[in-house]
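Content type compact mmCIF, C-alpha atoms and all ligand atoms, from the file model_27.txt:
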```
# COMPACT_ATOMS: atom_id res chain seq x y z
CA MET E 1 0.00 0.00 0.00
CA PRO E 2 1.60 3.33 -0.96
CA GLN E 3 2.32 5.55 2.03
CA ASP E 4 -0.12 8.31 1.00
CA ASP E 5 -3.04 5.87 0.93
CA TYR E 6 -2.97 5.36 4.69
CA VAL E 7 -5.66 7.94 5.20
CA LEU E 8 -5.32 8.27 8.98
CA GLY E 9 -1.74 9.50 8.59
CA ARG E 10 1.44 8.13 10.14
CA SER E 11 2.16 10.59 12.91
CA ALA E 12 3.00 10.03 16.58
CA ALA E 13 -0.54 11.28 17.28
CA GLU E 14 -1.87 8.42 15.13
CA THR E 15 0.16 5.94 17.19
CA GLN E 16 -1.39 7.36 20.37
CA ARG E 17 -4.84 7.15 18.76
CA LEU E 18 -4.29 3.44 18.05
CA ILE E 19 -3.31 2.84 21.68
CA LEU E 20 -6.40 4.70 22.99
CA GLN E 21 -8.55 2.81 20.49
CA HIS E 22 -7.21 -0.46 21.90
CA GLN E 23 -8.11 0.60 25.46
CA ILE E 24 -11.72 0.75 24.26
CA TYR E 25 -11.81 -2.15 21.80
CA GLY E 26 -9.23 -4.48 23.42
CA PRO E 27 -11.74 -6.37 25.59
CA LEU E 28 -13.89 -7.01 22.49
CA THR E 29 -10.86 -8.30 20.57
CA ARG E 30 -9.93 -10.60 23.44
CA ARG E 31 -13.46 -12.10 23.50
CA PHE E 32 -13.40 -12.44 19.72
CA LEU E 33 -10.01 -14.22 19.63
CA HIS E 34 -11.13 -16.54 22.39
CA ALA E 35 -14.29 -17.42 20.42
CA ALA E 36 -12.17 -17.99 17.30
CA GLY E 37 -10.11 -20.58 19.17
CA VAL E 38 -6.80 -18.73 19.64
CA GLY E 39 -5.15 -20.08 22.78
CA ALA E 40 -2.13 -21.31 24.69
CA GLY E 41 0.89 -22.62 22.82
CA MET E 42 -0.15 -21.39 19.35
CA ARG E 43 2.12 -19.69 16.80
CA VAL E 44 0.18 -16.68 15.49
CA LEU E 45 0.80 -14.21 12.67
CA ASP E 46 -0.49 -10.67 13.42
CA ALA E 47 -1.22 -8.91 10.11
CA GLY E 48 -0.76 -5.10 10.13
CA SER E 49 0.55 -5.04 13.69
CA GLY E 50 0.70 -1.22 14.04
CA ALA E 51 1.74 -0.12 17.54
CA GLY E 52 1.64 -3.75 18.73
CA ASP E 53 -1.60 -3.84 20.71
CA VAL E 54 -2.93 -7.02 19.10
CA ALA E 55 0.54 -8.64 19.28
CA LEU E 56 0.64 -7.88 23.04
CA LEU E 57 -2.86 -9.31 23.49
CA LEU E 58 -1.91 -12.40 21.49
CA ALA E 59 1.27 -12.87 23.54
CA ASP E 60 -0.91 -13.01 26.62
CA LEU E 61 -3.32 -15.51 24.98
CA VAL E 62 -0.67 -17.89 23.60
CA GLY E 63 1.62 -17.60 26.65
CA PRO E 64 5.33 -18.38 26.88
CA SER E 65 4.97 -21.69 25.00
CA GLY E 66 3.48 -19.91 21.97
CA ALA E 67 4.88 -17.27 19.62
CA VAL E 68 3.67 -14.16 17.78
CA VAL E 69 5.05 -12.64 14.58
CA GLY E 70 3.76 -9.21 13.53
CA VAL E 71 4.01 -8.06 9.92
CA GLU E 72 3.82 -4.33 9.31
CA GLU E 73 4.91 -2.02 6.49
CA ASN E 74 5.67 1.10 8.57
CA PRO E 75 9.16 0.75 10.14
CA ALA E 76 8.65 3.67 12.56
CA ILE E 77 5.59 2.11 14.18
CA VAL E 78 7.39 -1.27 14.33
CA GLU E 79 10.01 0.42 16.52
CA THR E 80 7.26 1.56 18.88
CA ALA E 81 5.72 -1.92 18.90
CA SER E 82 9.08 -3.60 19.58
CA ALA E 83 9.81 -1.22 22.46
CA ARG E 84 6.39 -1.92 23.99
CA VAL E 85 6.88 -5.69 23.68
CA ASP E 86 10.33 -5.42 25.32
CA ALA E 87 8.91 -3.27 28.12
CA ALA E 88 6.22 -5.90 28.73
CA GLY E 89 8.93 -8.56 28.98
CA TRP E 90 7.76 -10.82 26.13
CA ARG E 91 10.58 -12.71 24.41
CA ASN E 92 8.37 -14.67 22.00
CA VAL E 93 7.07 -11.72 19.91
CA SER E 94 8.93 -10.49 16.83
CA PHE E 95 8.13 -8.24 13.86
CA VAL E 96 8.80 -8.36 10.12
CA VAL E 97 8.76 -5.06 8.19
CA GLY E 98 7.05 -5.51 4.84
CA ASP E 99 3.84 -5.60 2.86
CA LEU E 100 1.21 -8.15 3.94
CA ARG E 101 1.01 -9.47 0.41
CA ASP E 102 4.62 -10.57 0.07
CA ALA E 103 6.53 -10.09 3.33
CA PRO E 104 9.05 -12.87 4.01
CA VAL E 105 7.20 -14.66 6.81
CA PRO E 106 7.39 -18.43 7.34
CA GLU E 107 4.50 -20.88 6.76
CA GLY E 108 2.76 -23.24 9.16
CA PHE E 109 1.25 -20.77 11.65
CA ASP E 110 -1.64 -22.04 13.79
CA ALA E 111 -3.51 -18.79 13.15
CA VAL E 112 -3.37 -15.52 11.27
CA VAL E 113 -5.10 -12.60 12.96
CA GLY E 114 -5.69 -8.98 11.99
CA ARG E 115 -7.62 -5.99 13.28
CA TRP E 116 -8.46 -2.76 11.40
CA VAL E 117 -6.30 -3.84 8.49
CA LEU E 118 -8.48 -5.34 5.71
CA MET E 119 -10.39 -2.01 5.61
CA TYR E 120 -7.21 -0.39 4.21
CA GLN E 121 -6.56 -2.94 1.44
CA PRO E 122 -7.61 -2.18 -2.15
CA ASP E 123 -8.34 -5.93 -2.56
CA PRO E 124 -9.07 -7.49 0.87
CA ALA E 125 -9.86 -10.94 -0.58
CA ASP E 126 -6.47 -11.07 -2.31
CA VAL E 127 -4.70 -10.18 0.95
CA LEU E 128 -6.74 -12.80 2.84
CA ARG E 129 -5.91 -15.45 0.23
CA ARG E 130 -2.18 -14.70 0.47
CA LEU E 131 -2.18 -14.57 4.29
CA ALA E 132 -4.09 -17.87 4.52
CA THR E 133 -1.15 -19.61 2.78
CA ARG E 134 0.95 -18.79 5.89
CA VAL E 135 -1.38 -20.92 8.06
CA ARG E 136 -1.31 -24.72 8.29
CA ILE E 137 -4.31 -26.69 7.00
CA GLY E 138 -6.87 -26.55 9.82
CA GLY E 139 -5.35 -23.30 11.13
CA ILE E 140 -7.46 -20.27 12.03
CA VAL E 141 -7.98 -17.15 9.89
CA ALA E 142 -9.52 -14.47 12.16
CA PHE E 143 -10.14 -10.79 11.35
CA HIS E 144 -11.76 -8.08 13.48
CA GLU E 145 -13.00 -5.06 11.51
CA ASN E 146 -15.24 -2.03 12.14
CA ASP E 147 -18.48 -1.37 10.37
CA PHE E 148 -19.83 2.18 10.28
CA SER E 149 -23.33 1.06 9.28
CA TYR E 150 -23.90 2.17 12.88
CA PRO E 151 -21.42 5.07 13.25
CA PRO E 152 -20.71 6.76 16.63
CA THR E 153 -24.19 7.37 18.07
CA VAL E 154 -25.59 8.97 21.22
CA PHE E 155 -28.87 7.86 22.82
CA PRO E 156 -30.93 9.98 23.10
CA GLU E 157 -29.68 12.01 20.13
CA SER E 158 -28.68 15.69 20.23
CA ASP E 159 -27.69 18.31 17.65
CA LEU E 160 -24.00 17.72 18.42
CA ALA E 161 -24.39 13.94 18.20
CA ARG E 162 -26.10 14.27 14.80
CA GLN E 163 -23.27 16.53 13.56
CA VAL E 164 -20.58 14.09 14.74
CA LEU E 165 -22.43 11.27 13.02
CA ARG E 166 -22.58 13.25 9.77
CA TRP E 167 -18.88 14.19 9.93
CA SER E 168 -17.74 10.63 10.78
CA VAL E 169 -19.07 8.86 7.71
CA PRO E 170 -17.49 9.74 4.36
CA PRO E 171 -19.94 9.71 1.44
CA PRO E 172 -20.16 6.46 -0.56
CA GLY E 173 -17.32 6.21 -3.07
CA ALA E 174 -15.07 8.65 -1.18
CA PRO E 175 -11.40 7.67 -1.23
CA GLY E 176 -10.07 6.16 1.96
CA PRO E 177 -10.64 3.07 4.06
CA GLU E 178 -13.66 0.78 3.60
CA MET E 179 -15.88 1.96 6.45
CA ARG E 180 -18.19 -1.06 6.08
CA MET E 181 -15.52 -3.78 6.07
CA GLY E 182 -17.24 -5.63 8.91
CA THR E 183 -20.26 -6.59 6.87
CA GLN E 184 -18.05 -7.40 3.87
CA LEU E 185 -15.90 -9.95 5.71
CA TYR E 186 -18.12 -12.91 4.83
CA ARG E 187 -17.86 -12.25 1.10
CA ALA E 188 -14.11 -11.55 1.31
CA TYR E 189 -13.53 -14.96 2.94
CA LEU E 190 -15.49 -16.72 0.20
CA GLU E 191 -13.66 -14.80 -2.55
CA ALA E 192 -10.36 -15.78 -0.90
CA GLY E 193 -11.31 -19.47 -1.24
CA LEU E 194 -11.88 -19.87 2.51
CA PRO E 195 -14.98 -21.45 4.09
CA GLY E 196 -17.81 -19.05 4.99
CA PRO E 197 -16.65 -17.70 8.38
CA GLU E 198 -18.45 -17.68 11.70
CA LEU E 199 -19.31 -14.12 12.68
CA MET E 200 -19.63 -12.21 15.91
CA VAL E 201 -20.59 -8.57 16.38
CA GLU E 202 -20.19 -6.27 19.36
CA ALA E 203 -20.02 -2.51 20.05
CA PRO E 204 -18.49 -0.60 22.96
CA ALA E 205 -20.86 1.75 24.78
CA GLY E 206 -20.57 3.95 27.84
CA GLY E 207 -21.40 7.23 29.53
CA GLY E 208 -20.35 9.42 32.45
CA PRO E 209 -17.39 11.77 32.74
CA ASP E 210 -14.63 9.13 32.55
CA TRP E 211 -15.80 7.24 29.45
CA PRO E 212 -12.90 7.41 26.94
CA GLY E 213 -15.21 7.42 23.90
CA TYR E 214 -15.40 11.24 23.61
CA GLY E 215 -11.62 11.58 23.23
CA TYR E 216 -11.50 8.61 20.91
CA VAL E 217 -14.13 10.00 18.52
CA ALA E 218 -12.44 13.44 18.53
CA ASP E 219 -8.99 11.93 17.89
CA THR E 220 -10.33 9.80 15.04
CA LEU E 221 -11.94 12.86 13.43
CA ARG E 222 -8.68 14.77 13.90
CA SER E 223 -6.81 12.03 11.99
CA LEU E 224 -9.46 11.83 9.28
CA LEU E 225 -9.90 15.61 8.85
CA PRO E 226 -7.44 16.16 5.97
CA ALA E 227 -9.00 13.28 3.98
CA LEU E 228 -12.57 14.41 4.81
CA GLN E 229 -11.67 17.96 3.83
CA ARG E 230 -10.49 16.71 0.43
CA ALA E 231 -13.43 14.33 -0.09
CA THR E 232 -16.34 16.40 1.24
CA GLY E 233 -15.08 19.98 1.65
CA LEU E 234 -15.68 19.67 5.41
CA ASP E 235 -14.58 22.91 7.10
CA PRO E 236 -12.23 22.18 10.08
CA ALA E 237 -13.53 25.36 11.78
CA GLU E 238 -17.01 23.78 11.81
CA VAL E 239 -15.67 20.65 13.55
CA ASP E 240 -13.47 22.63 16.02
CA VAL E 241 -11.74 19.37 16.85
CA ASP E 242 -9.70 20.81 19.75
CA THR E 243 -12.84 21.36 21.84
CA LEU E 244 -14.89 18.47 20.46
CA ALA E 245 -14.15 15.87 23.16
CA GLU E 246 -15.16 18.28 25.94
CA ARG E 247 -18.32 19.34 24.10
CA MET E 248 -19.30 15.68 23.63
CA ARG E 249 -18.54 14.92 27.30
CA ALA E 250 -20.71 17.85 28.45
CA ASP E 251 -23.52 16.85 26.08
CA VAL E 252 -23.59 13.18 27.14
CA VAL E 253 -22.99 13.67 30.88
CA GLY E 254 -25.41 16.61 31.11
CA ARG E 255 -28.25 14.47 29.75
CA SER E 256 -27.24 11.14 31.39
CA ALA E 257 -27.02 9.86 27.83
CA VAL E 258 -24.88 7.00 26.46
CA GLN E 259 -22.49 6.93 23.55
CA MET E 260 -22.22 3.85 21.33
CA LEU E 261 -19.11 3.45 19.20
CA PRO E 262 -18.98 1.74 15.79
CA LEU E 263 -19.68 -1.99 15.59
CA MET E 264 -16.85 -4.49 15.41
CA PHE E 265 -17.42 -7.60 13.31
CA GLY E 266 -15.26 -10.62 14.00
CA ALA E 267 -14.95 -13.37 11.36
CA TRP E 268 -13.13 -16.66 11.68
CA ALA E 269 -12.74 -19.83 9.63
CA ARG E 270 -10.30 -22.72 9.43
CA ARG E 271 -8.19 -23.20 6.33
CA SER E 272 -9.49 -26.33 4.60
CA VAL E 273 -7.24 -26.71 1.54
C1 LIG E 301 -5.31 0.96 11.92
S1 LIG E 301 -3.74 0.21 12.14
C2 LIG E 301 -4.17 -1.16 13.19
C3 LIG E 301 -3.00 -1.71 13.95
C4 LIG E 301 -3.28 -2.94 14.80
N1 LIG E 301 -3.72 -4.05 13.98
C5 LIG E 301 -4.28 -2.66 15.89
O1 LIG E 301 -5.38 -3.22 15.84
O2 LIG E 301 -3.99 -1.87 16.80
C6 LIG E 301 -3.40 -0.57 10.58
C7 LIG E 301 -1.94 -0.94 10.41
O3 LIG E 301 -1.81 -1.80 9.28
C8 LIG E 301 -0.67 -1.41 8.54
N2 LIG E 301 -0.89 -1.84 7.15
C9 LIG E 301 -1.92 -1.48 6.35
N3 LIG E 301 -1.80 -2.06 5.14
C10 LIG E 301 -0.66 -2.81 5.16
C11 LIG E 301 -0.02 -3.65 4.22
N4 LIG E 301 -0.52 -3.84 2.99
N5 LIG E 301 1.11 -4.29 4.60
C12 LIG E 301 1.62 -4.12 5.84
N6 LIG E 301 1.05 -3.32 6.79
C13 LIG E 301 -0.09 -2.67 6.46
C14 LIG E 301 -0.60 0.10 8.71
O4 LIG E 301 0.71 0.59 8.47
C15 LIG E 301 -1.04 0.27 10.16
O5 LIG E 301 0.04 0.24 11.06
```
Represent the structure of the file as structure tokens.
Amino acid sequence: MPQDDYVLGRSAAETQRLILQHQIYGPLTRRFLHAAGVGAGMRVLDAGSGAGDVALLLADLVGPSGAVVGVEENPAIVETASARVDAAGWRNVSFVVGDLRDAPVPEGFDAVVGRWVLMYQPDPADVLRRLATRVRIGGIVAFHENDFSYPPTVFPESDLARQVLRWSVPPPGAPGPEMRMGTQLYRAYLEAGLPGPELMVEAPAGGGPDWPGYGYVADTLRSLLPALQRATGLDPAEVDVDTLAERMRADVVGRSAVQMLPLMFGAWARRSV
């Protein structure tokens, strides 16, 4: 994937956004990986490992008798991920810098796992097909992807919540990531020659002053702003992203409302041929 296509940018702020995102979505990913059958002693490939949050979660699931290999095209974020793995004391996690489609990773993994990565691929089924060849027959292919069919929502609604919802969803056909990858996973598995996957869907939700969702939504919009500006002409002054988290917090807390974040779809299947 050419560097400029990674619409959320590659800054240190983006790395921090990924880490905050994991604080919210990590428990969902753990439940998903457990349901998919990832467990102690397995050798797992983590596709698009980013700042290492899924690799760290996998290290905990497979334990010292297992191993995790992350593959990631951005060398700067691999440095961050490696430092975090070292700080956590894991010796069985390593990273390969390269493109998912042709990085030099060995075969015979018990599972390949990825989160928020197929949504960035021009041809997700092709990437799935290639990654599945790294897994042994009977091994697990498990991907966890957002679907903005239900974008960030507040119940009950408010003017601000409706605005955030409108800003968060690029118009159909806009360049950038596939915001409905979750509901497209089933088809992508079939097109990749894999069995129709089992699916699971979950969304984080919360309220009150300490809920991290307000900051997460604001940070995501901050990362997306340049691309949204190009695609839709969205005026950054209208979003006023620097005050957005506090305005959302005041809106939700003041009305004892709840915020629901975008759905996560998990898909898993076992390689059969
Ligand atoms: C949104 S981040 C998610 C990181 C991590 N999976 C997580 O859940 O925290 C997507 C990552 O995938 C990487 N990536 C996207 N397409 C890639 C490709 N074709 N080959 C290798 N890495 C890729 C990006 O550089 C980025 O670090």
Mind checking which residues fall within 12 Å of E:Asp240, counting all atoms listed in the file, ignoring those fewer than 4 positions away in the same chain, and posting them as a list in words?
-> Leu160, Gln163, Val164, Trp167, Ala218, Asp219, Leu221, Arg222, Leu225, Leu234, Asp235, Pro236, Leu244, Ala245, Glu246, Arg247 and Met248 of chain E
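You will find atom CA of E:Gln23 at 21.6 Å from atom CA of E:Val44.
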Which residues come within 12 Å of stretch 214-216 of chain E, counting only C-alpha atoms, excluding same-chain residues fewer than 3 positions away, as a PyMOL selection string?
-> chain E and resi 13-14+16-25+152-154+160-161+164+204-211+219-223+241-253+258-262
Would you write out, as a tab-separated table, a table of all residues in chain E that have an atom no more than 6 Å from an atom of ligand LIG 301 (chain E), listing for each the closest atom pair and the distance in Å to one decimal, considering only C-alpha atoms and all ligand atoms and ordering rows by chain and rising residue number?
```
residue	atom	partner	partner_atom	distance
E:Met1	CA	E:LIG301	N4	4.9
E:Leu18	CA	E:LIG301	O2	5.5
E:Gly48	CA	E:LIG301	O3	3.6
E:Ser49	CA	E:LIG301	N1	4.4
E:Gly50	CA	E:LIG301	O5	3.4
E:Asp53	CA	E:LIG301	O2	5.0
E:Val54	CA	E:LIG301	O1	5.6
E:Glu72	CA	E:LIG301	N6	3.9
E:Glu73	CA	E:LIG301	C12	4.0
E:Asn74	CA	E:LIG301	O4	5.0
E:Gly98	CA	E:LIG301	C12	5.7
E:Asp99	CA	E:LIG301	N5	3.5
E:Leu100	CA	E:LIG301	N5	3.9
E:Gly114	CA	E:LIG301	N1	5.7
E:Arg115	CA	E:LIG301	O1	4.4
E:Trp116	CA	E:LIG301	C1	4.9
E:Val117	CA	E:LIG301	C6	4.8
E:Tyr120	CA	E:LIG301	N3	5.7
```
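Distance check against E:Val135 using all atoms listed in the file: of E:Arg230, E:Arg270, E:Arg31, E:Arg166, the minimum falls on E:Arg270.
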